[in-house]
$ cat run-v4.txt   # compact mmCIF, C-alpha atoms
# COMPACT_ATOMS: atom_id res chain seq x y z
CA MET A 1 56.65 -179.21 138.51
CA SER A 2 54.16 -176.55 137.35
CA THR A 3 50.43 -177.18 136.88
CA LEU A 4 50.97 -177.06 133.11
CA ASP A 5 53.69 -179.71 133.31
CA SER A 6 51.53 -181.89 135.58
CA VAL A 7 48.55 -181.74 133.22
CA LEU A 8 50.61 -182.46 130.11
CA ALA A 9 52.45 -185.34 131.79
CA GLN A 10 49.15 -186.88 132.88
CA TYR A 11 47.68 -186.48 129.40
CA GLU A 12 50.65 -188.05 127.62
CA LYS A 13 50.71 -190.98 130.05
CA ASN A 14 47.05 -191.78 129.46
CA LYS A 15 47.38 -191.26 125.73
CA GLN A 16 50.11 -193.87 125.64
CA ALA A 17 48.20 -196.27 127.84
CA THR A 18 45.18 -195.66 125.51
CA SER A 19 37.12 -189.08 152.25
CA GLY A 20 33.56 -189.52 153.39
CA ASN A 21 30.41 -187.75 152.20
CA ALA A 22 29.85 -184.09 152.95
CA ASN A 23 26.84 -183.25 155.07
CA PHE A 24 24.83 -181.07 152.72
CA ALA A 25 21.98 -179.10 154.22
CA SER A 26 19.57 -180.66 151.75
CA GLN A 27 19.41 -182.85 148.69
CA GLU A 28 18.87 -179.68 146.68
CA ASP A 29 22.17 -178.26 147.96
CA ARG A 30 23.96 -181.49 147.09
CA MET A 31 22.59 -181.51 143.55
CA LYS A 32 24.03 -178.03 142.99
CA LYS A 33 27.53 -179.47 143.26
CA TYR A 34 27.21 -181.51 140.06
CA PHE A 35 28.09 -180.07 136.69
CA THR A 36 26.70 -182.09 133.82
CA THR A 37 27.00 -181.70 130.07
CA VAL A 38 24.07 -183.99 129.27
CA LEU A 39 21.54 -182.23 127.07
CA PRO A 40 17.93 -182.34 128.30
CA LYS A 41 15.32 -184.04 126.16
CA GLY A 42 14.28 -182.04 123.14
CA VAL A 43 17.51 -180.00 123.06
CA LYS A 44 19.99 -180.84 120.30
CA THR A 45 22.75 -178.33 120.98
CA ALA A 46 23.82 -175.91 123.72
CA GLU A 47 26.80 -174.04 125.13
CA LYS A 48 28.14 -173.86 128.67
CA ARG A 49 30.88 -171.64 130.05
CA VAL A 50 33.12 -172.88 132.83
CA ARG A 51 36.33 -171.97 134.64
CA ILE A 52 38.51 -174.80 135.89
CA LEU A 53 39.78 -174.07 139.39
CA PRO A 54 43.49 -174.27 140.26
CA THR A 55 44.72 -176.91 142.70
CA LYS A 56 46.37 -175.86 145.94
CA ASP A 57 49.55 -177.85 145.32
CA GLY A 58 50.01 -177.16 141.61
CA SER A 59 49.06 -180.70 140.61
CA THR A 60 46.83 -181.54 137.67
CA PRO A 61 43.19 -180.59 138.29
CA PHE A 62 42.03 -183.65 136.33
CA VAL A 63 41.62 -186.34 138.99
CA GLU A 64 41.50 -189.88 137.61
CA ALA A 65 39.05 -192.52 138.83
CA LYS A 66 37.32 -195.60 137.47
CA PHE A 67 33.60 -196.23 137.44
CA HIS A 68 31.42 -199.14 136.41
CA GLU A 69 28.46 -198.34 134.16
CA ILE A 70 25.72 -200.76 135.08
CA GLN A 71 21.96 -200.98 135.54
CA VAL A 72 20.58 -200.89 139.06
CA ASP A 73 16.81 -201.02 139.49
CA GLY A 74 16.35 -200.27 135.78
CA LYS A 75 18.59 -197.17 135.75
CA TRP A 76 22.08 -196.77 134.36
CA VAL A 77 24.37 -195.70 137.17
CA LYS A 78 28.08 -195.13 137.65
CA LEU A 79 29.64 -196.98 140.57
CA TYR A 80 33.16 -196.24 141.75
CA ASP A 81 35.52 -199.18 141.27
CA PRO A 82 37.38 -199.90 144.56
CA ALA A 83 40.00 -201.84 142.59
CA PHE A 84 41.36 -198.42 141.59
CA GLU A 85 42.60 -198.23 145.19
CA GLY A 86 43.70 -201.86 145.32
CA LYS A 87 40.56 -202.98 147.16
CA ARG A 88 38.19 -205.86 146.42
CA SER A 89 35.82 -205.24 143.52
CA PRO A 90 32.78 -207.59 143.36
CA LEU A 91 31.83 -206.39 139.88
CA ASN A 92 35.30 -207.07 138.51
CA GLU A 93 35.09 -210.56 140.04
CA VAL A 94 31.90 -211.20 138.06
CA ALA A 95 33.63 -210.01 134.89
CA GLU A 96 36.60 -212.32 135.46
CA SER A 97 34.34 -215.30 136.18
CA LEU A 98 32.39 -214.75 132.97
CA LYS A 99 35.58 -214.30 130.97
CA MET A 100 36.96 -217.62 132.20
CA THR A 101 34.04 -219.73 130.92
CA GLY A 102 35.39 -219.55 127.37
CA ASP A 103 31.93 -218.82 125.98
CA PRO A 104 32.03 -215.86 123.52
CA LYS A 105 28.67 -214.61 124.82
CA ASP A 106 29.92 -214.64 128.40
CA LYS A 107 33.02 -212.74 127.30
CA GLU A 108 30.80 -210.09 125.73
CA ILE A 109 28.73 -209.81 128.90
CA ALA A 110 31.93 -209.62 130.98
CA SER A 111 32.94 -206.42 129.19
CA THR A 112 29.86 -204.69 130.60
CA TYR A 113 31.07 -205.31 134.16
CA TYR A 114 34.53 -203.81 133.80
CA SER A 115 35.10 -200.23 134.92
CA ARG A 116 36.15 -197.33 132.69
CA LYS A 117 38.47 -194.42 133.36
CA TYR A 118 36.97 -191.01 134.08
CA TYR A 119 38.34 -187.59 134.89
CA ILE A 120 36.84 -185.38 137.58
CA VAL A 121 37.59 -181.67 137.61
CA LYS A 122 36.54 -178.91 140.00
CA LEU A 123 35.17 -175.82 138.30
CA ILE A 124 32.89 -172.81 138.36
CA ASP A 125 29.74 -172.95 136.28
CA ARG A 126 29.51 -169.38 135.01
CA GLU A 127 25.75 -169.63 134.59
CA ASN A 128 25.38 -170.57 138.25
CA GLU A 129 28.22 -168.89 140.11
CA GLN A 130 26.06 -168.61 143.20
CA ASP A 131 26.37 -172.40 143.62
CA GLY A 132 30.13 -172.12 144.15
CA PRO A 133 32.58 -174.85 143.04
CA LYS A 134 31.15 -177.90 141.27
CA PHE A 135 32.52 -181.16 139.93
CA TRP A 136 32.40 -182.36 136.35
CA ARG A 137 32.95 -186.04 135.64
CA PHE A 138 33.70 -187.04 132.06
CA LYS A 139 35.00 -190.13 130.34
CA HIS A 140 38.48 -190.85 129.06
CA ASN A 141 38.36 -191.37 125.31
CA SER A 142 40.86 -193.93 123.97
CA LYS A 143 40.39 -192.56 120.44
CA GLY A 144 41.62 -189.10 121.44
CA GLU A 145 38.22 -187.52 120.77
CA GLY A 146 37.07 -186.75 124.32
CA ALA A 147 36.64 -183.53 126.29
CA LEU A 148 40.17 -183.66 127.70
CA ASP A 149 41.59 -184.08 124.20
CA LYS A 150 39.92 -180.79 123.26
CA ILE A 151 41.09 -178.98 126.40
CA ILE A 152 44.77 -179.97 126.30
CA PRO A 153 45.62 -178.10 123.05
CA ILE A 154 44.29 -174.91 124.67
CA TRP A 155 46.53 -175.54 127.67
CA ARG A 156 49.53 -176.08 125.39
CA ASN A 157 48.88 -172.95 123.35
CA LYS A 158 47.56 -170.58 126.00
CA GLY A 159 49.33 -171.72 129.17
CA ASP A 160 47.80 -172.51 132.55
CA ILE A 161 44.09 -171.84 132.08
CA THR A 162 43.48 -172.30 135.82
CA ASP A 163 45.63 -169.31 136.80
CA PRO A 164 43.52 -167.10 139.15
CA GLU A 165 44.59 -163.89 137.36
CA LYS A 166 45.49 -164.89 133.81
CA GLY A 167 43.47 -168.05 133.31
CA ARG A 168 40.66 -168.53 130.83
CA ASP A 169 37.03 -169.55 130.81
CA LEU A 170 36.12 -172.36 128.44
CA ILE A 171 33.08 -172.45 126.16
CA LEU A 172 31.83 -176.02 125.85
CA THR A 173 29.69 -176.71 122.79
CA LEU A 174 27.36 -179.66 123.37
CA SER A 175 25.63 -181.61 120.64
CA LEU A 176 23.78 -184.87 120.08
CA THR A 177 25.27 -187.72 118.11
CA LYS A 178 24.31 -191.33 117.49
CA SER A 179 26.12 -194.52 118.34
CA GLY A 180 26.23 -197.54 116.07
CA ASN A 181 23.03 -198.93 117.61
CA GLY A 182 21.15 -195.69 116.93
CA LYS A 183 21.16 -194.44 120.52
CA GLU A 184 21.60 -190.68 120.87
CA TYR A 185 24.04 -189.32 123.41
CA THR A 186 25.64 -185.97 124.23
CA VAL A 187 29.20 -185.10 123.24
CA VAL A 188 31.38 -182.07 123.86
CA SER A 189 31.87 -181.23 120.21
CA SER A 190 34.22 -178.30 120.77
CA VAL A 191 35.98 -176.32 123.49
CA ILE A 192 36.86 -172.68 122.85
CA PRO A 193 38.89 -170.50 125.23
CA GLU A 194 37.78 -167.03 126.25
CA ASP A 195 40.21 -164.13 126.63
CA ALA A 196 42.52 -164.27 129.64
CA GLY A 197 41.10 -162.74 132.80
CA PRO A 198 40.70 -163.10 136.57
CA LEU A 199 38.75 -165.91 138.18
CA ASN A 200 36.45 -163.30 139.70
CA SER A 201 36.51 -159.51 139.74
CA ASP A 202 36.16 -159.71 143.52
CA PRO A 203 39.42 -161.17 144.95
CA THR A 204 37.61 -162.28 148.10
CA ILE A 205 35.18 -164.47 146.17
CA ALA A 206 37.98 -165.84 144.01
CA GLN A 207 39.95 -166.83 147.11
CA GLU A 208 36.87 -168.47 148.66
CA TRP A 209 36.44 -170.60 145.54
CA ILE A 210 40.11 -171.61 145.53
CA ALA A 211 40.14 -172.39 149.27
CA ASP A 212 36.91 -174.42 149.09
CA GLU A 213 37.48 -177.75 150.90
CA LEU A 214 34.91 -179.82 149.00
CA VAL A 215 36.42 -182.89 147.29
CA TRP A 216 34.93 -185.07 144.58
CA THR A 217 34.22 -187.96 146.97
CA ASP A 218 31.85 -185.64 148.83
CA VAL A 219 29.74 -185.49 145.68
CA TYR A 220 30.29 -188.77 143.83
CA SER A 221 29.89 -191.29 146.61
CA LYS A 222 31.95 -194.46 146.86
CA LYS A 223 29.49 -197.26 147.51
CA PRO A 224 30.57 -199.80 150.15
CA GLU A 225 31.50 -203.39 149.36
CA GLU A 226 28.12 -204.77 150.49
CA TYR A 227 26.34 -202.47 148.01
CA LEU A 228 28.54 -203.63 145.13
CA GLU A 229 28.11 -207.24 146.24
CA MET A 230 24.33 -206.93 145.91
CA VAL A 231 24.60 -205.36 142.47
CA ALA A 232 26.99 -208.14 141.39
CA ARG A 233 24.33 -210.67 142.42
CA GLY A 234 21.71 -208.84 140.36
CA GLU A 235 19.93 -207.47 143.43
CA THR A 236 18.67 -203.94 144.11
CA PRO A 237 20.26 -202.21 147.13
CA ARG A 238 17.99 -200.18 149.39
CA TRP A 239 19.03 -197.94 152.26
CA ASN A 240 17.43 -198.99 155.54
CA LYS A 241 17.25 -195.91 157.78
CA GLU A 242 16.46 -197.87 160.91
CA ALA A 243 19.29 -200.37 160.49
CA LYS A 244 21.54 -197.71 158.92
CA LYS A 245 22.83 -200.08 156.28
CA TRP A 246 22.28 -201.24 152.71
CA VAL A 247 19.92 -204.17 152.30
CA SER A 248 18.71 -206.15 149.31
CA ALA A 249 15.25 -205.13 148.11
CA GLU A 250 14.61 -208.72 147.04
CA THR A 251 15.52 -210.13 150.46
CA ALA A 252 13.62 -207.41 152.27
CA ASP A 253 10.49 -208.07 150.24
CA SER A 254 10.54 -211.72 151.27
CA THR A 255 11.22 -211.06 154.97
CA GLY A 256 8.94 -208.09 155.40
CA GLU A 257 11.82 -205.79 156.35
CA VAL A 258 11.03 -202.11 155.93
CA ASN A 259 13.28 -200.25 153.51
CA ILE A 260 13.27 -196.54 152.91
CA GLY A 261 14.29 -195.75 149.32
CA ASN A 262 17.69 -195.27 147.74
CA SER A 263 20.53 -192.96 148.63
CA PRO A 264 20.46 -189.35 147.29
CA SER A 265 20.32 -189.42 143.51
CA ASP A 266 23.04 -188.34 141.14
CA PRO A 267 21.78 -186.10 138.29
CA GLN A 268 24.12 -188.01 136.00
CA GLU A 269 23.05 -191.45 137.20
CA ASN A 270 20.94 -192.21 134.16
CA GLU A 271 23.01 -190.22 131.70
CA ASP A 272 24.36 -191.51 128.42
CA THR A 273 26.33 -194.71 128.70
CA ASP A 274 29.46 -195.47 126.74
CA PRO A 275 28.40 -195.87 123.08
CA ASP A 276 31.22 -198.37 122.61
CA LEU A 277 29.75 -200.80 125.14
CA PRO A 278 27.81 -203.76 123.68
CA PHE A 279 24.47 -202.92 125.31
$ encode --input "run-v4.txt" --output "structure tokens"
Amino acid sequence: MSTLDSVLAQYEKNKQATSGNANFASQEDRMKKYFTTVLPKGVKTAEKRVRILPTKDGSTPFVEAKFHEIQVDGKWVKLYDPAFEGKRSPLNEVAESLKMTGDPKDKEIASTYYSRKYYIVKLIDRENEQDGPKFWRFKHNSKGEGALDKIIPIWRNKGDITDPEKGRDLILTLSLTKSGNGKEYTVVSSVIPEDAGPLNSDPTIAQEWIADELVWTDVYSKKPEEYLEMVARGETPRWNKEAKKWVSAETADSTGEVNIGNSPSDPQENEDTDPDLPF
């Protein structure tokens, strides 16, 4: 099956169904591996140019995963849902417990604990090629109005846009919109293909980008069960360097245990939440 066939098959399936961490030299180096489409404050529109990288085995470049959107220590974060791999999910357990009470309010709260589908794609940020391959995480849109829904028609009409020699850069137009509760959030309002061309004029650089071994789990960390358990209990996890484990800030405060901050931050950790969620 070709890359084009793999991508189209994945898209149609989802339309119908409406690793460890890399050792980055510094937090600054790690942050360079994120590609985000969130507009900074004060900016209402912008454009970004990217090139989606081909996969080594010809499979779809759009990796599927599920993440919870939930507040931790006052910030909206995205936490990988281990249930996607058939593992225990403390946050899903909370959702199920709330749903079973029969109280309409509890049912509404339960919906905020369930995870949502995302796509993660490896690409080159043309404005920052010196950073090498990056990962872009974006949400599946059940209404057919998401970023992938705008990319797929290009793939159908232009062919494999990840081809190293005849692929295409994509121009992402970003704009602000408002949800029903008045909250502003960023959307990819359009995706326009550039003319066909090589991934890089230097074949050596192009091959380095394609051969890059970095995977998405090196960038978007999968928090362990104990971390998710604390969040499910409404506690704030803190990383204890001495004990080399996650501990509850609330428990630590009462016992006098020394905690040293959170794990490295995700530049998208406090980004726009799903406007369809009842927050």
$ atom_distance --input "run-v4.txt" --atom1 "CA of Asp125 (chain A)" --atom2 "CA of Val50 (chain A)"
4.8 Å
$ closest_residue --input "run-v4.txt" --among "A:Ile124, A:Ser26, A:Asp81, A:Thr55" --to "Leu228 (chain A)" --atoms "all atoms listed in the file"
A:Asp81
$ closest_residue --input "run-v4.txt" --among "A:Glu213, A:Glu85, A:Glu28, A:Asp195" --to "Lys122 (chain A)" --atoms "only C-alpha atoms"
A:Glu213
$ closest_residue --input "run-v4.txt" --among "A:Lys183, A:Lys99, A:Lys66, A:Lys134" --to "Tyr118 (chain A)" --atoms "all atoms listed in the file"
A:Lys66
$ closest_residue --input "run-v4.txt" --among "A:Asn128, A:Glu64, A:Glu184, A:Glu108" --to "Lys41 (chain A)" --atoms "all atoms listed in the file"
A:Glu184
$ residues_around --input "run-v4.txt" --residues "Glu145 (chain A)" --least-positions-apart "3" --cutoff "12 Å" --atoms "only C-alpha atoms" --output "MDAnalysis selection string"
chainID A and resid 15 18 139:142 148:152 187:191
$ atom_distance --input "run-v4.txt" --atom1 "CA of Asp57 (chain A)" --atom2 "CA of Asp5 (chain A)"
12.8 Å
$ decode --input "run-v4.txt" --residues "region 95-132 of chain A" --atoms "N, CA, C and O atoms" --output "PDB file, in the first residue's frame"
ATOM      1  N   ALA A  95     -14.150   9.418  35.024  1.00  0.00           N
ATOM      2  CA  ALA A  95     -15.256   9.742  34.119  1.00  0.00           C
ATOM      3  C   ALA A  95     -16.373   8.703  34.220  1.00  0.00           C
ATOM      4  O   ALA A  95     -17.562   9.051  34.289  1.00  0.00           O
ATOM      5  N   GLU A  96     -15.994   7.429  34.244  1.00  0.00           N
ATOM      6  CA  GLU A  96     -16.997   6.364  34.326  1.00  0.00           C
ATOM      7  C   GLU A  96     -17.744   6.404  35.654  1.00  0.00           C
ATOM      8  O   GLU A  96     -18.957   6.177  35.709  1.00  0.00           O
ATOM      9  N   SER A  97     -17.023   6.689  36.730  1.00  0.00           N
ATOM     10  CA  SER A  97     -17.654   6.761  38.055  1.00  0.00           C
ATOM     11  C   SER A  97     -18.678   7.888  38.109  1.00  0.00           C
ATOM     12  O   SER A  97     -19.780   7.728  38.650  1.00  0.00           O
ATOM     13  N   LEU A  98     -18.316   9.036  37.564  1.00  0.00           N
ATOM     14  CA  LEU A  98     -19.230  10.175  37.539  1.00  0.00           C
ATOM     15  C   LEU A  98     -20.453   9.876  36.665  1.00  0.00           C
ATOM     16  O   LEU A  98     -21.581  10.240  37.000  1.00  0.00           O
ATOM     17  N   LYS A  99     -20.228   9.213  35.557  1.00  0.00           N
ATOM     18  CA  LYS A  99     -21.304   8.906  34.629  1.00  0.00           C
ATOM     19  C   LYS A  99     -22.327   7.964  35.253  1.00  0.00           C
ATOM     20  O   LYS A  99     -23.529   8.040  34.960  1.00  0.00           O
ATOM     21  N   MET A 100     -21.865   7.096  36.146  1.00  0.00           N
ATOM     22  CA  MET A 100     -22.742   6.080  36.727  1.00  0.00           C
ATOM     23  C   MET A 100     -23.622   6.594  37.864  1.00  0.00           C
ATOM     24  O   MET A 100     -24.517   5.890  38.316  1.00  0.00           O
ATOM     25  N   THR A 101     -23.393   7.834  38.336  1.00  0.00           N
ATOM     26  CA  THR A 101     -24.216   8.352  39.436  1.00  0.00           C
ATOM     27  C   THR A 101     -25.636   8.668  38.985  1.00  0.00           C
ATOM     28  O   THR A 101     -26.561   8.722  39.807  1.00  0.00           O
ATOM     29  N   GLY A 102     -25.806   8.924  37.684  1.00  0.00           N
ATOM     30  CA  GLY A 102     -27.131   9.252  37.174  1.00  0.00           C
ATOM     31  C   GLY A 102     -27.468  10.723  37.283  1.00  0.00           C
ATOM     32  O   GLY A 102     -28.495  11.180  36.778  1.00  0.00           O
ATOM     33  N   ASP A 103     -26.608  11.496  37.928  1.00  0.00           N
ATOM     34  CA  ASP A 103     -26.830  12.931  38.081  1.00  0.00           C
ATOM     35  C   ASP A 103     -26.394  13.640  36.792  1.00  0.00           C
ATOM     36  O   ASP A 103     -25.254  13.476  36.344  1.00  0.00           O
ATOM     37  N   PRO A 104     -27.268  14.438  36.172  1.00  0.00           N
ATOM     38  CA  PRO A 104     -26.928  15.142  34.925  1.00  0.00           C
ATOM     39  C   PRO A 104     -25.673  16.014  35.069  1.00  0.00           C
ATOM     40  O   PRO A 104     -24.880  16.114  34.126  1.00  0.00           O
ATOM     41  N   LYS A 105     -25.494  16.632  36.231  1.00  0.00           N
ATOM     42  CA  LYS A 105     -24.313  17.474  36.437  1.00  0.00           C
ATOM     43  C   LYS A 105     -23.042  16.632  36.447  1.00  0.00           C
ATOM     44  O   LYS A 105     -22.013  17.031  35.908  1.00  0.00           O
ATOM     45  N   ASP A 106     -23.122  15.465  37.087  1.00  0.00           N
ATOM     46  CA  ASP A 106     -21.966  14.574  37.114  1.00  0.00           C
ATOM     47  C   ASP A 106     -21.635  14.077  35.709  1.00  0.00           C
ATOM     48  O   ASP A 106     -20.462  13.936  35.337  1.00  0.00           O
ATOM     49  N   LYS A 107     -22.666  13.827  34.920  1.00  0.00           N
ATOM     50  CA  LYS A 107     -22.459  13.374  33.550  1.00  0.00           C
ATOM     51  C   LYS A 107     -21.748  14.445  32.735  1.00  0.00           C
ATOM     52  O   LYS A 107     -20.875  14.150  31.914  1.00  0.00           O
ATOM     53  N   GLU A 108     -22.107  15.696  32.983  1.00  0.00           N
ATOM     54  CA  GLU A 108     -21.466  16.809  32.281  1.00  0.00           C
ATOM     55  C   GLU A 108     -20.004  16.923  32.686  1.00  0.00           C
ATOM     56  O   GLU A 108     -19.123  17.127  31.849  1.00  0.00           O
ATOM     57  N   ILE A 109     -19.743  16.780  33.980  1.00  0.00           N
ATOM     58  CA  ILE A 109     -18.363  16.828  34.471  1.00  0.00           C
ATOM     59  C   ILE A 109     -17.561  15.659  33.919  1.00  0.00           C
ATOM     60  O   ILE A 109     -16.377  15.802  33.571  1.00  0.00           O
ATOM     61  N   ALA A 110     -18.194  14.490  33.807  1.00  0.00           N
ATOM     62  CA  ALA A 110     -17.522  13.289  33.307  1.00  0.00           C
ATOM     63  C   ALA A 110     -16.948  13.513  31.914  1.00  0.00           C
ATOM     64  O   ALA A 110     -15.852  13.028  31.593  1.00  0.00           O
ATOM     65  N   SER A 111     -17.670  14.273  31.097  1.00  0.00           N
ATOM     66  CA  SER A 111     -17.209  14.499  29.719  1.00  0.00           C
ATOM     67  C   SER A 111     -15.877  15.248  29.677  1.00  0.00           C
ATOM     68  O   SER A 111     -15.143  15.149  28.695  1.00  0.00           O
ATOM     69  N   THR A 112     -15.563  15.981  30.729  1.00  0.00           N
ATOM     70  CA  THR A 112     -14.296  16.721  30.753  1.00  0.00           C
ATOM     71  C   THR A 112     -13.113  15.814  31.079  1.00  0.00           C
ATOM     72  O   THR A 112     -11.962  16.230  30.927  1.00  0.00           O
ATOM     73  N   TYR A 113     -13.378  14.602  31.539  1.00  0.00           N
ATOM     74  CA  TYR A 113     -12.305  13.670  31.884  1.00  0.00           C
ATOM     75  C   TYR A 113     -11.964  12.720  30.742  1.00  0.00           C
ATOM     76  O   TYR A 113     -10.899  12.093  30.753  1.00  0.00           O
ATOM     77  N   TYR A 114     -12.851  12.572  29.788  1.00  0.00           N
ATOM     78  CA  TYR A 114     -12.574  11.657  28.682  1.00  0.00           C
ATOM     79  C   TYR A 114     -11.509  12.235  27.758  1.00  0.00           C
ATOM     80  O   TYR A 114     -11.375  13.455  27.611  1.00  0.00           O
ATOM     81  N   SER A 115     -10.772  11.358  27.100  1.00  0.00           N
ATOM     82  CA  SER A 115      -9.721  11.795  26.184  1.00  0.00           C
ATOM     83  C   SER A 115     -10.288  12.056  24.793  1.00  0.00           C
ATOM     84  O   SER A 115     -11.381  11.575  24.450  1.00  0.00           O
ATOM     85  N   ARG A 116      -9.539  12.811  23.997  1.00  0.00           N
ATOM     86  CA  ARG A 116      -9.927  13.125  22.623  1.00  0.00           C
ATOM     87  C   ARG A 116      -8.834  12.676  21.663  1.00  0.00           C
ATOM     88  O   ARG A 116      -7.663  12.639  22.023  1.00  0.00           O
ATOM     89  N   LYS A 117      -9.248  12.360  20.439  1.00  0.00           N
ATOM     90  CA  LYS A 117      -8.282  11.916  19.439  1.00  0.00           C
ATOM     91  C   LYS A 117      -7.484  13.092  18.878  1.00  0.00           C
ATOM     92  O   LYS A 117      -8.027  14.161  18.588  1.00  0.00           O
ATOM     93  N   TYR A 118      -6.198  12.846  18.712  1.00  0.00           N
ATOM     94  CA  TYR A 118      -5.292  13.811  18.093  1.00  0.00           C
ATOM     95  C   TYR A 118      -4.491  13.118  17.008  1.00  0.00           C
ATOM     96  O   TYR A 118      -4.363  11.880  16.991  1.00  0.00           O
ATOM     97  N   TYR A 119      -3.934  13.930  16.119  1.00  0.00           N
ATOM     98  CA  TYR A 119      -2.977  13.445  15.132  1.00  0.00           C
ATOM     99  C   TYR A 119      -1.640  14.108  15.432  1.00  0.00           C
ATOM    100  O   TYR A 119      -1.584  15.276  15.842  1.00  0.00           O
ATOM    101  N   ILE A 120      -0.576  13.367  15.225  1.00  0.00           N
ATOM    102  CA  ILE A 120       0.771  13.903  15.414  1.00  0.00           C
ATOM    103  C   ILE A 120       1.556  13.630  14.141  1.00  0.00           C
ATOM    104  O   ILE A 120       1.619  12.481  13.674  1.00  0.00           O
ATOM    105  N   VAL A 121       2.122  14.663  13.556  1.00  0.00           N
ATOM    106  CA  VAL A 121       2.831  14.516  12.299  1.00  0.00           C
ATOM    107  C   VAL A 121       4.221  15.148  12.404  1.00  0.00           C
ATOM    108  O   VAL A 121       4.408  16.181  13.048  1.00  0.00           O
ATOM    109  N   LYS A 122       5.181  14.502  11.796  1.00  0.00           N
ATOM    110  CA  LYS A 122       6.575  14.962  11.807  1.00  0.00           C
ATOM    111  C   LYS A 122       6.798  15.849  10.583  1.00  0.00           C
ATOM    112  O   LYS A 122       6.427  15.469   9.455  1.00  0.00           O
ATOM    113  N   LEU A 123       7.390  17.006  10.793  1.00  0.00           N
ATOM    114  CA  LEU A 123       7.517  17.958   9.689  1.00  0.00           C
ATOM    115  C   LEU A 123       8.741  18.853   9.840  1.00  0.00           C
ATOM    116  O   LEU A 123       9.439  18.826  10.857  1.00  0.00           O
ATOM    117  N   ILE A 124       8.943  19.650   8.812  1.00  0.00           N
ATOM    118  CA  ILE A 124       9.974  20.685   8.823  1.00  0.00           C
ATOM    119  C   ILE A 124       9.275  22.036   8.843  1.00  0.00           C
ATOM    120  O   ILE A 124       8.404  22.307   8.019  1.00  0.00           O
ATOM    121  N   ASP A 125       9.651  22.851   9.812  1.00  0.00           N
ATOM    122  CA  ASP A 125       9.147  24.213   9.922  1.00  0.00           C
ATOM    123  C   ASP A 125      10.054  25.079   9.055  1.00  0.00           C
ATOM    124  O   ASP A 125      11.214  25.304   9.395  1.00  0.00           O
ATOM    125  N   ARG A 126       9.554  25.521   7.926  1.00  0.00           N
ATOM    126  CA  ARG A 126      10.398  26.240   6.968  1.00  0.00           C
ATOM    127  C   ARG A 126      11.002  27.518   7.546  1.00  0.00           C
ATOM    128  O   ARG A 126      12.050  27.968   7.091  1.00  0.00           O
ATOM    129  N   GLU A 127      10.359  28.100   8.525  1.00  0.00           N
ATOM    130  CA  GLU A 127      10.920  29.315   9.130  1.00  0.00           C
ATOM    131  C   GLU A 127      12.068  29.001  10.082  1.00  0.00           C
ATOM    132  O   GLU A 127      12.817  29.888  10.469  1.00  0.00           O
ATOM    133  N   ASN A 128      12.173  27.735  10.468  1.00  0.00           N
ATOM    134  CA  ASN A 128      13.210  27.340  11.430  1.00  0.00           C
ATOM    135  C   ASN A 128      13.829  26.004  11.024  1.00  0.00           C
ATOM    136  O   ASN A 128      13.875  25.051  11.810  1.00  0.00           O
ATOM    137  N   GLU A 129      14.317  25.927   9.797  1.00  0.00           N
ATOM    138  CA  GLU A 129      14.877  24.680   9.298  1.00  0.00           C
ATOM    139  C   GLU A 129      16.084  24.211  10.107  1.00  0.00           C
ATOM    140  O   GLU A 129      16.367  23.016  10.185  1.00  0.00           O
ATOM    141  N   GLN A 130      16.766  25.165  10.725  1.00  0.00           N
ATOM    142  CA  GLN A 130      17.943  24.807  11.514  1.00  0.00           C
ATOM    143  C   GLN A 130      17.590  23.934  12.716  1.00  0.00           C
ATOM    144  O   GLN A 130      18.460  23.257  13.270  1.00  0.00           O
ATOM    145  N   ASP A 131      16.332  23.920  13.110  1.00  0.00           N
ATOM    146  CA  ASP A 131      15.896  23.093  14.248  1.00  0.00           C
ATOM    147  C   ASP A 131      15.705  21.634  13.858  1.00  0.00           C
ATOM    148  O   ASP A 131      15.554  20.774  14.730  1.00  0.00           O
ATOM    149  N   GLY A 132      15.689  21.343  12.553  1.00  0.00           N
ATOM    150  CA  GLY A 132      15.477  19.976  12.106  1.00  0.00           C
ATOM    151  C   GLY A 132      14.019  19.559  12.247  1.00  0.00           C
ATOM    152  O   GLY A 132      13.134  20.394  12.437  1.00  0.00           O
TER     153      GLY A 132
END
